[in-house]
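Containing compact mmCIF, C-alpha atoms: target-v3.txt.
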# COMPACT_ATOMS: atom_id res chain seq x y z
CA MET A 1 0.00 0.00 0.00
CA LEU A 2 1.26 3.46 -0.81
CA THR A 3 0.70 5.07 2.61
CA PHE A 4 1.91 8.36 4.07
CA ARG A 5 4.51 6.43 6.04
CA LYS A 6 5.89 4.74 2.93
CA GLY A 7 5.99 8.08 1.14
CA PHE A 8 7.84 9.73 4.00
CA LYS A 9 10.35 6.88 4.11
CA ASP A 10 10.93 7.08 0.34
CA GLY A 11 11.46 10.81 0.80
CA VAL A 12 14.38 10.41 3.23
CA PRO A 13 17.12 9.86 0.61
CA ILE A 14 15.75 12.84 -1.33
CA ALA A 15 15.70 15.02 1.78
CA LEU A 16 19.32 14.10 2.54
CA GLY A 17 20.38 14.98 -0.99
CA TYR A 18 18.40 18.22 -0.77
CA LEU A 19 20.07 19.20 2.51
CA SER A 20 23.43 19.53 0.80
CA VAL A 21 22.18 21.15 -2.41
CA ALA A 22 19.97 23.63 -0.55
CA PHE A 23 22.85 24.30 1.85
CA ALA A 24 25.03 25.25 -1.12
CA PHE A 25 22.16 27.35 -2.49
CA GLY A 26 21.78 29.27 0.79
CA MET A 27 25.51 29.92 1.02
CA LEU A 28 25.80 31.06 -2.58
CA ALA A 29 22.86 33.45 -2.21
CA VAL A 30 24.49 35.11 0.81
CA GLU A 31 27.82 35.21 -1.01
CA LYS A 32 26.13 37.03 -3.92
CA GLY A 33 24.88 39.69 -1.54
CA LEU A 34 21.17 38.85 -1.48
CA PRO A 35 19.21 39.83 1.64
CA LEU A 36 19.33 36.96 4.16
CA TRP A 37 15.58 36.26 4.07
CA SER A 38 15.38 35.97 0.27
CA PRO A 39 16.93 32.51 -0.24
CA VAL A 40 14.67 31.12 2.48
CA LEU A 41 11.61 32.69 0.87
CA LEU A 42 12.72 31.36 -2.52
CA SER A 43 12.98 27.81 -1.18
CA ILE A 44 9.61 27.98 0.57
CA SER A 45 7.77 29.39 -2.45
CA ASN A 46 9.61 27.79 -5.40
CA PHE A 47 10.86 24.37 -4.24
CA THR A 48 13.08 23.80 -7.27
CA GLY A 49 16.84 23.54 -7.70
CA THR A 50 17.95 24.82 -11.08
CA GLY A 51 15.40 27.64 -11.15
CA GLN A 52 16.45 28.96 -7.76
CA PHE A 53 20.15 28.94 -8.62
CA ALA A 54 19.30 30.87 -11.78
CA GLY A 55 17.12 33.12 -9.64
CA ILE A 56 19.94 34.32 -7.40
CA ASP A 57 21.95 35.18 -10.51
CA LEU A 58 18.99 37.12 -11.88
CA ILE A 59 18.43 38.99 -8.62
CA SER A 60 22.09 39.80 -8.04
CA SER A 61 22.45 41.08 -11.63
CA ASN A 62 19.29 43.20 -11.21
CA ALA A 63 17.55 41.50 -14.15
CA GLY A 64 14.36 42.80 -15.71
CA LEU A 65 11.04 41.13 -14.96
CA TRP A 66 10.60 39.65 -18.47
CA GLU A 67 14.10 38.24 -18.37
CA VAL A 68 13.12 36.50 -15.12
CA VAL A 69 9.90 35.15 -16.64
CA PHE A 70 11.61 33.86 -19.78
CA THR A 71 14.63 32.30 -18.04
CA ILE A 72 12.60 30.55 -15.34
CA LEU A 73 9.96 29.28 -17.80
CA VAL A 74 12.59 27.80 -20.12
CA ILE A 75 14.28 26.06 -17.22
CA ASN A 76 10.96 24.74 -15.96
CA ILE A 77 9.26 23.56 -19.15
CA ARG A 78 10.53 20.05 -18.40
CA TYR A 79 8.13 20.02 -15.44
CA MET A 80 5.22 20.06 -17.91
CA LEU A 81 6.46 16.77 -19.33
CA MET A 82 7.00 15.30 -15.86
CA SER A 83 3.58 16.43 -14.66
CA LEU A 84 1.99 14.99 -17.78
CA SER A 85 3.72 11.70 -17.09
CA LEU A 86 2.79 11.86 -13.40
CA SER A 87 -0.87 12.53 -14.25
CA GLN A 88 -1.02 9.06 -15.79
CA ARG A 89 0.30 7.43 -12.61
CA LEU A 90 -2.05 8.89 -10.02
CA VAL A 91 -5.01 6.94 -8.64
CA ARG A 92 -8.14 7.47 -10.69
CA ASP A 93 -10.66 10.07 -9.61
CA MET A 94 -8.17 12.07 -7.60
CA PRO A 95 -9.90 15.41 -6.99
CA LEU A 96 -8.60 18.53 -8.70
CA TRP A 97 -7.48 20.22 -5.49
CA GLN A 98 -5.32 17.26 -4.56
CA ARG A 99 -3.71 17.29 -8.01
CA MET A 100 -3.02 20.98 -7.58
CA VAL A 101 -1.36 20.39 -4.21
CA ILE A 102 0.77 17.52 -5.56
CA ALA A 103 1.84 19.72 -8.50
CA PHE A 104 3.72 22.03 -6.13
CA GLY A 105 5.92 19.13 -5.02
CA ASN A 106 6.63 17.58 -8.42
CA THR A 107 10.40 18.12 -8.33
CA ASP A 108 12.84 16.13 -10.48
CA GLU A 109 13.80 13.86 -7.59
CA ILE A 110 10.28 13.25 -6.23
CA PHE A 111 9.13 12.51 -9.76
CA GLY A 112 12.03 10.08 -10.19
CA VAL A 113 11.19 8.17 -7.02
CA CYS A 114 7.46 8.08 -7.90
CA LEU A 115 8.51 6.48 -11.18
CA GLN A 116 9.76 3.48 -9.22
CA GLN A 117 6.35 2.71 -7.69
CA LYS A 118 4.41 -0.09 -9.31
CA GLU A 119 1.02 0.88 -7.84
CA PRO A 120 -0.99 4.02 -8.72
CA LEU A 121 0.13 6.93 -6.57
CA THR A 122 -2.15 7.96 -3.70
CA MET A 123 -2.54 11.41 -2.13
CA ARG A 124 -1.22 10.11 1.20
CA TYR A 125 1.93 8.71 -0.39
CA MET A 126 2.54 11.94 -2.29
CA MET A 127 2.04 14.02 0.87
CA GLY A 128 4.55 11.87 2.76
CA ILE A 129 7.28 12.11 0.15
CA ILE A 130 6.69 15.80 -0.55
CA LEU A 131 6.63 16.88 3.12
CA CYS A 132 9.81 14.93 3.85
CA ALA A 133 11.72 16.33 0.86
CA TYR A 134 10.31 19.84 1.37
CA SER A 135 11.54 19.85 4.99
CA GLY A 136 15.02 18.86 3.85
CA TRP A 137 15.03 21.55 1.18
CA ASN A 138 14.05 24.36 3.55
CA ALA A 139 16.18 23.18 6.47
CA GLY A 140 19.18 22.98 4.13
CA THR A 141 18.57 26.48 2.81
CA ALA A 142 18.27 27.99 6.28
CA ALA A 143 21.40 26.16 7.45
CA GLY A 144 23.31 27.35 4.38
CA VAL A 145 22.32 30.97 5.02
CA LEU A 146 23.31 30.72 8.70
CA ALA A 147 26.53 28.79 8.25
CA GLY A 148 27.89 30.88 5.41
CA SER A 149 30.94 29.07 4.13
CA ALA A 150 31.56 27.03 7.28
CA LEU A 151 31.60 23.74 5.38
CA PRO A 152 35.08 23.10 3.96
CA ALA A 153 35.31 23.32 0.18
CA MET A 154 36.55 19.74 -0.15
CA VAL A 155 33.32 18.38 1.35
CA ARG A 156 31.16 20.73 -0.72
CA THR A 157 32.64 19.63 -4.04
CA ALA A 158 32.19 15.95 -3.12
CA LEU A 159 28.50 16.56 -2.38
CA GLY A 160 28.01 18.09 -5.82
CA ILE A 161 27.61 14.67 -7.40
CA ALA A 162 24.99 13.35 -4.92
CA LEU A 163 21.78 14.17 -6.78
CA TYR A 164 23.20 13.13 -10.16
CA ALA A 165 24.17 9.77 -8.66
CA MET A 166 20.63 9.41 -7.35
CA PHE A 167 19.23 9.91 -10.85
CA ILE A 168 21.58 7.21 -12.10
CA ALA A 169 20.25 4.89 -9.40
CA ILE A 170 16.72 5.65 -10.65
CA ILE A 171 17.18 5.09 -14.38
CA ILE A 172 19.72 2.25 -14.58
CA PRO A 173 17.83 -0.65 -12.89
CA PRO A 174 14.79 -0.36 -15.25
CA ALA A 175 17.20 -0.05 -18.19
CA ARG A 176 18.68 -3.39 -17.19
CA GLU A 177 15.25 -5.00 -17.50
CA SER A 178 14.20 -3.31 -20.73
CA ARG A 179 16.29 -2.87 -23.89
CA PRO A 180 14.06 -0.07 -25.27
CA ILE A 181 14.54 1.99 -22.08
CA MET A 182 18.30 1.40 -22.30
CA LYS A 183 18.29 2.59 -25.92
CA VAL A 184 16.28 5.69 -25.05
CA ILE A 185 18.76 6.53 -22.27
CA VAL A 186 21.84 5.99 -24.45
CA LEU A 187 20.36 8.08 -27.27
CA SER A 188 19.43 10.89 -24.88
CA VAL A 189 22.91 10.92 -23.33
CA LEU A 190 24.53 11.07 -26.78
CA LEU A 191 22.25 13.90 -27.88
CA SER A 192 22.85 15.78 -24.65
CA CYS A 193 26.62 15.50 -25.10
CA VAL A 194 26.31 16.76 -28.68
CA PHE A 195 24.33 19.76 -27.45
CA SER A 196 26.90 20.46 -24.75
CA TYR A 197 30.13 20.04 -26.66
CA VAL A 198 29.47 20.84 -30.33
CA PRO A 199 30.19 24.51 -30.95
CA GLY A 200 27.33 26.56 -32.32
CA ILE A 201 24.47 24.71 -30.64
CA SER A 202 26.09 24.46 -27.21
CA GLY A 203 24.84 27.94 -26.28
CA LEU A 204 21.23 26.80 -26.39
CA GLY A 205 20.81 26.67 -22.63
CA ASN A 206 20.16 23.76 -20.34
CA GLY A 207 16.37 24.04 -20.22
CA TRP A 208 15.91 23.64 -23.97
CA THR A 209 18.58 20.98 -24.31
CA ILE A 210 16.90 18.71 -21.77
CA ILE A 211 13.52 19.06 -23.46
CA ILE A 212 14.87 18.41 -26.97
CA CYS A 213 16.94 15.39 -25.90
CA GLY A 214 14.13 13.93 -23.77
CA VAL A 215 11.38 14.32 -26.37
CA LEU A 216 13.54 13.18 -29.30
CA SER A 217 14.85 10.04 -27.59
CA ALA A 218 11.48 9.08 -26.09
CA GLY A 219 9.73 9.89 -29.39
CA LEU A 220 12.03 7.56 -31.34
CA GLY A 221 11.68 4.96 -28.57
CA ALA A 222 7.89 5.09 -28.81
CA TYR A 223 8.05 4.87 -32.62
CA PHE A 224 10.36 1.87 -32.79
CA PHE A 225 9.29 0.06 -29.60
CA PRO A 226 5.60 0.83 -29.02
CA LEU A 227 4.26 -0.71 -25.83
CA THR A 228 1.60 -3.35 -26.23
CA MET A 229 -1.49 -2.27 -24.38
CA LYS A 230 -3.03 -5.11 -22.44
CA ASP A 231 -4.22 -2.72 -19.83
CA GLU A 232 -4.90 1.00 -19.93
CA ASP A 233 -2.73 1.46 -16.89
CA PRO A 234 0.76 2.54 -17.95
CA LEU A 235 2.13 0.96 -14.79
CA ASP A 236 1.02 -2.45 -16.01
CA GLN A 237 2.35 -1.66 -19.43
CA LYS A 238 5.80 -1.29 -17.99
CA GLY A 239 5.73 -5.02 -17.43
CA GLU A 240 5.17 -5.44 -21.17
CA VAL A 241 8.35 -3.67 -22.15
CA ARG A 242 10.63 -6.12 -23.88
CA MET B 1 17.64 45.53 -6.08
CA SER B 2 15.06 47.02 -3.72
CA ILE B 3 13.18 44.83 -1.25
CA GLY B 4 9.98 45.38 -3.23
CA LYS B 5 11.61 44.27 -6.49
CA VAL B 6 13.16 41.19 -4.85
CA LEU B 7 9.73 40.22 -3.51
CA LEU B 8 8.21 40.75 -6.96
CA VAL B 9 10.89 38.65 -8.68
CA ILE B 10 10.47 35.84 -6.16
CA SER B 11 6.67 35.86 -6.66
CA VAL B 12 7.04 35.79 -10.44
CA MET B 13 9.54 32.93 -10.14
CA ALA B 14 7.16 30.97 -7.91
CA LEU B 15 4.39 31.40 -10.48
CA CYS B 16 6.66 30.37 -13.40
CA THR B 17 7.63 27.25 -11.45
CA TYR B 18 4.17 26.26 -10.25
CA LEU B 19 2.24 26.75 -13.49
CA PRO B 20 4.26 24.28 -15.62
CA ARG B 21 3.91 21.73 -12.81
CA MET B 22 0.22 22.32 -12.23
CA LEU B 23 -1.37 22.73 -15.68
CA PRO B 24 -0.75 19.19 -17.05
CA LEU B 25 -1.84 17.61 -13.76
CA ALA B 26 -5.01 19.68 -13.68
CA LEU B 27 -5.86 19.29 -17.37
CA PHE B 28 -5.03 15.64 -18.11
CA ARG B 29 -7.42 13.83 -15.85
CA ARG B 30 -8.09 10.69 -17.87
CA LYS B 31 -5.83 7.95 -19.09
CA ILE B 32 -4.33 8.52 -22.52
CA LYS B 33 -5.42 5.70 -24.85
CA ASN B 34 -3.29 6.48 -27.89
CA GLN B 35 -0.56 3.83 -28.10
CA TYR B 36 2.15 6.15 -29.42
CA ILE B 37 1.49 8.88 -26.85
CA SER B 38 1.34 6.50 -23.92
CA SER B 39 4.56 4.79 -25.06
CA LEU B 40 6.16 8.22 -25.38
CA LEU B 41 5.08 9.13 -21.85
CA CYS B 42 6.52 5.88 -20.54
CA TYR B 43 9.93 6.53 -22.11
CA LEU B 44 10.00 10.29 -21.56
CA PRO B 45 11.14 10.29 -17.89
CA TYR B 46 14.17 8.18 -18.75
CA GLY B 47 15.10 10.42 -21.67
CA ILE B 48 14.73 13.56 -19.57
CA LEU B 49 16.61 12.29 -16.50
CA ALA B 50 19.41 10.91 -18.69
CA ALA B 51 19.82 14.29 -20.43
CA MET B 52 19.85 16.05 -17.06
CA VAL B 53 22.62 13.84 -15.70
CA PHE B 54 24.92 13.68 -18.73
CA PRO B 55 27.26 15.36 -19.37
CA ASP B 56 26.70 17.75 -16.44
CA ILE B 57 27.66 15.11 -13.86
CA PHE B 58 31.28 15.22 -15.08
CA SER B 59 31.61 18.88 -14.14
CA SER B 60 29.63 18.62 -10.89
CA THR B 61 32.81 18.22 -8.81
CA ALA B 62 36.16 19.99 -8.43
CA SER B 63 37.84 18.02 -11.22
CA ILE B 64 36.60 16.09 -14.26
CA ILE B 65 38.71 13.12 -13.10
CA SER B 66 36.88 12.83 -9.78
CA GLY B 67 33.61 13.43 -11.64
CA ILE B 68 34.28 10.47 -13.93
CA ALA B 69 35.34 8.28 -10.97
CA GLY B 70 32.13 9.10 -9.08
CA THR B 71 30.02 8.50 -12.18
CA ALA B 72 31.64 5.11 -12.77
CA ILE B 73 30.93 3.97 -9.20
CA ALA B 74 27.34 5.24 -9.40
CA LEU B 75 26.76 3.38 -12.69
CA LEU B 76 28.27 0.18 -11.33
CA LEU B 77 26.27 0.17 -8.10
CA ALA B 78 23.05 1.21 -9.86
CA TYR B 79 23.54 -1.64 -12.31
CA ARG B 80 23.75 -3.97 -9.32
CA LYS B 81 20.42 -2.50 -8.19
CA ARG B 82 21.63 -0.78 -5.04
CA GLY B 83 19.27 1.82 -3.53
CA LEU B 84 19.34 5.57 -4.06
CA LEU B 85 21.14 6.41 -0.84
CA PRO B 86 23.97 3.83 -1.11
CA VAL B 87 24.59 4.90 -4.70
CA ALA B 88 24.65 8.62 -3.84
CA VAL B 89 26.83 8.19 -0.74
CA SER B 90 29.30 5.90 -2.55
CA ALA B 91 29.62 8.39 -5.39
CA CYS B 92 30.31 11.24 -2.92
CA VAL B 93 32.90 9.20 -1.02
CA THR B 94 34.58 8.19 -4.29
CA VAL B 95 34.75 11.83 -5.38
CA PHE B 96 36.13 12.89 -2.00
CA LEU B 97 38.86 10.23 -1.97
CA THR B 98 39.75 10.79 -5.63
CA GLU B 99 40.15 14.51 -5.02
CA ARG B 100 42.46 13.88 -2.04
CA LEU B 101 44.57 11.58 -4.28
CA LEU B 102 44.64 14.23 -6.99
CA GLU B 103 45.80 16.76 -4.41
CA LEU B 104 48.61 14.44 -3.32
CA ALA B 105 49.61 13.98 -6.96
CA GLY B 106 49.63 17.75 -7.37
CA ILE B 107 46.97 17.70 -10.12
CA LEU B 108 44.21 19.47 -8.19
Show this structure as C-alpha cells.
Amino acid sequence: MLTFRKGFKDGVPIALGYLSVAFAFGMLAVEKGLPLWSPVLLSISNFTGTGQFAGIDLISSNAGLWEVVFTILVINIRYMLMSLSLSQRLVRDMPLWQRMVIAFGNTDEIFGVCLQQKEPLTMRYMMGIILCAYSGWNAGTAAGVLAGSALPAMVRTALGIALYAMFIAIIIPPARESRPIMKVIVLSVLLSCVFSYVPGISGLGNGWTIIICGVLSAGLGAYFFPLTMKDEDPLDQKGEVR
Amino acid sequence: MSIGKVLLVISVMALCTYLPRMLPLALFRRKIKNQYISSLLCYLPYGILAAMVFPDIFSSTASIISGIAGTAIALLLAYRKRGLLPVAVSACVTVFLTERLLELAGIL
C-alpha cells in the first residue's frame, strides 16, 4: 500500500540529498549579496533547484522582470512533461485540489522516485514524500544561510555529485530489464553530449537541451518500440516492455 | 535591487515554477489511450533524466577526473540494483577520496 509512512520513508534519501544542495544554495545566495531572508523565501515558495540557482543570478544582476519570466519558464518547461507523465500514474478520480497540491511538489527527484512505484500513486503517499523532501530543502537552505561558508570546500565539491548519482540509481535498474529503455537513455545521453560540446548549438541553454533530448529520444523509442497495451494502466504496461 | 523588487521577482519565479507543474496535472485527468502517446510518456522520464545527468555530472565536482570516478561507481552500483542512498553516498565518497589523491599527486 502506498501510505503516508511509505511516502515519508521514500522521501528520506531525497531530503538528505536536498540538505546539501539547498545548503550550497543558501551559502551562494548570501555570497552574492542577497538579503538573508530571500533565499529562504525562494525555497519555501519555489521548491526547485535549477530555477532557484538561476534566480539568485537574476536577482544579483538586477535583471528585468521579463528576463526573469523567460529564463525561469525555459528552465521549468521540463516540469510540464513530468507532470503529464505523473498525471497518468495517479489513482483514478483524484480530486482537482489534490492534483493541484501535488503539483507544487513535483520536483525532479520526487518525480524520479514516484517512477519506481508499481502501484498508482495515492494522495497520502505523495504528501509523505513531498513533506519529507520539502523539509530537507528548507532546512538545508536555512542552514546554508546561517553557516555561510563554514563547510570546507573539499566536502562541498564531493556533495556536488549526490543528486546526479541518485538519478543514475533511478534510471539504470529499469534499463537493465528493458532494452528499449536502455536505448532511449543511451540516445538521450549522446544527444545531450552533442548539445553540450558541439560549438554553435552548445549555447542553447540547459532548459531547452533537456527538453529536446528527452522528447527526441522518447519519441524515437515510442516509434520503434511501441508498448503493447493489455491494460490502460501505464504501470502495467511497464511489465510489457521487452 | 530594492526589497519590493526582490519580492516581486520571487513571486514571479514561484508562479513560473508552479504553473508548468500544475497545468498538465489539472488538465489531463483521464488515461491517454493512444498507443504512441502513452509509449512516449513511458519513455519520456528516462530520456529527460538521462539528459539532465549527462554530461553535467562530469563537471559537478572539483575536477573532471573525480567526476568520472564518481560516475563510474554510481553506474556500477546502480547496475547492481543498489538503492538511491547507497549509490549517492558511494559516489560522494569516491569523489572525496579521488580529489584527495589528486591533491597528493599535485593535479588538483
*Interatomic distance, CA of Gly128 in chain A to CA of Leu41 in chain A (Å, one decimal)*: 22.1 Å
Which residues of chain B come within 7 Å of chain A, and for each one, what is the closest pair of atoms and their distance in Å to one decimal, counting all atoms listed in the file, sorted by chain and residue number, as a Markdown table?
| residue | atom | partner | partner_atom | distance |
| --- | --- | --- | --- | --- |
| B:Met1 | CA | A:Asn62 | CA | 5.9 |
| B:Val6 | CA | A:Ile59 | CA | 6.8 |
| B:Val9 | CA | A:Leu65 | CA | 6.8 |
| B:Ile10 | CA | A:Leu42 | CA | 6.2 |
| B:Val12 | CA | A:Val69 | CA | 6.9 |
| B:Met13 | CA | A:Ile72 | CA | 6.5 |
| B:Ala14 | CA | A:Asn46 | CA | 4.7 |
| B:Cys16 | CA | A:Leu73 | CA | 5.6 |
| B:Thr17 | CA | A:Asn76 | CA | 6.1 |
| B:Tyr18 | CA | A:Phe104 | CA | 5.9 |
| B:Pro20 | CA | A:Met80 | CA | 4.9 |
| B:Arg21 | CA | A:Ala103 | CA | 5.2 |
| B:Met22 | CA | A:Ala103 | CA | 4.8 |
| B:Pro24 | CA | A:Leu84 | CA | 5.1 |
| B:Leu25 | CA | A:Ser87 | CA | 5.2 |
| B:Ala26 | CA | A:Leu96 | CA | 6.2 |
| B:Phe28 | CA | A:Ser87 | CA | 6.5 |
| B:Arg29 | CA | A:Ser87 | CA | 6.9 |
| B:Lys31 | CA | A:Gln88 | CA | 5.9 |
| B:Lys33 | CA | A:Glu232 | CA | 6.8 |
| B:Gln35 | CA | A:Pro226 | CA | 6.9 |
| B:Tyr36 | CA | A:Ala222 | CA | 5.9 |
| B:Ser39 | CA | A:Ala222 | CA | 5.0 |
| B:Leu40 | CA | A:Ala222 | CA | 5.0 |
| B:Leu41 | CA | A:Ser85 | CA | 5.6 |
| B:Tyr43 | CA | A:Ala218 | CA | 5.0 |
| B:Leu44 | CA | A:Ala218 | CA | 4.9 |
| B:Pro45 | CA | A:Met82 | CA | 6.8 |
| B:Tyr46 | CA | A:Ile185 | CA | 6.0 |
| B:Gly47 | CA | A:Gly214 | CA | 4.2 |
| B:Ile48 | CA | A:Gly214 | CA | 4.3 |
| B:Leu49 | CA | A:Phe167 | CA | 6.7 |
| B:Ala50 | CA | A:Ile185 | CA | 5.7 |
| B:Ala51 | CA | A:Ser192 | CA | 5.4 |
| B:Met52 | CA | A:Ile210 | CA | 6.2 |
| B:Val53 | CA | A:Tyr164 | CA | 5.6 |
| B:Phe54 | CA | A:Val189 | CA | 5.7 |
| B:Pro55 | CA | A:Cys193 | CA | 5.8 |
| B:Ile57 | CA | A:Tyr164 | CA | 6.1 |
| B:Ser60 | CA | A:Gly160 | CA | 5.3 |
| B:Thr61 | CA | A:Thr157 | CA | 5.0 |
| B:Ala62 | CA | A:Thr157 | CA | 5.6 |
| B:Thr71 | CA | A:Ala165 | CA | 6.9 |
| B:Ala74 | CA | A:Ala165 | CA | 5.6 |
| B:Leu75 | CA | A:Ile168 | CA | 6.5 |
| B:Ala78 | CA | A:Ala169 | CA | 4.6 |
| B:Tyr79 | CA | A:Pro173 | CA | 5.8 |
| B:Lys81 | CA | A:Pro173 | CA | 5.7 |
| B:Gly83 | CA | A:Ala169 | CA | 6.7 |
| B:Leu84 | CA | A:Met166 | CA | 5.2 |
| B:Leu85 | CA | A:Pro13 | CA | 5.5 |
| B:Val87 | CA | A:Ala165 | CA | 6.3 |
| B:Ala88 | CA | A:Ala162 | CA | 4.9 |
| B:Val89 | CA | A:Ala162 | CA | 6.9 |
| B:Ala91 | CA | A:Ala165 | CA | 6.5 |
| B:Cys92 | CA | A:Ala158 | CA | 5.1 |
| B:Val95 | CA | A:Ala158 | CA | 5.4 |
| B:Phe96 | CA | A:Ala158 | CA | 5.1 |
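One finds CA of Gly7 in chain A at 14.3 Å from CA of Gly136 in chain A.
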Residues within 7 Å of Ala24 in chain A, please, as a PDB file with C-alpha atoms, in the frame of the given file. Count all atoms listed in the file; anything in the same chain fewer than 4 positions from it doesn't count.
ATOM      1  CA  SER A  20      23.430  19.530   0.800  1.00  0.00           C
ATOM      2  CA  LEU A  28      25.800  31.060  -2.580  1.00  0.00           C
ATOM      3  CA  GLY A 144      23.310  27.350   4.380  1.00  0.00           C
TER       4      GLY A 144
END
*asked:* Can you measure CA of Leu2 in chain A to CA of Tyr125 in chain A for me? One decimal in Å is fine.
replied: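 So the two atoms, CA of Leu2 in chain A and CA of Tyr125 in chain A, lie 5.3 Å apart.
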*asked:* Can you pull out the residues contacting Phe58 in chain B? Cut-off 7 Å, using all atoms listed in the file, and skip same-chain residues under 5 positions away; I want them as a ChimeraX atom specification.
replied: /B:64,67-68
*Which one of A:Lys118, A:Thr50, A:Ala29, A:Ile110 sits closest to Ile130 in chain A if you count only C-alpha atoms?*
A:Ile110
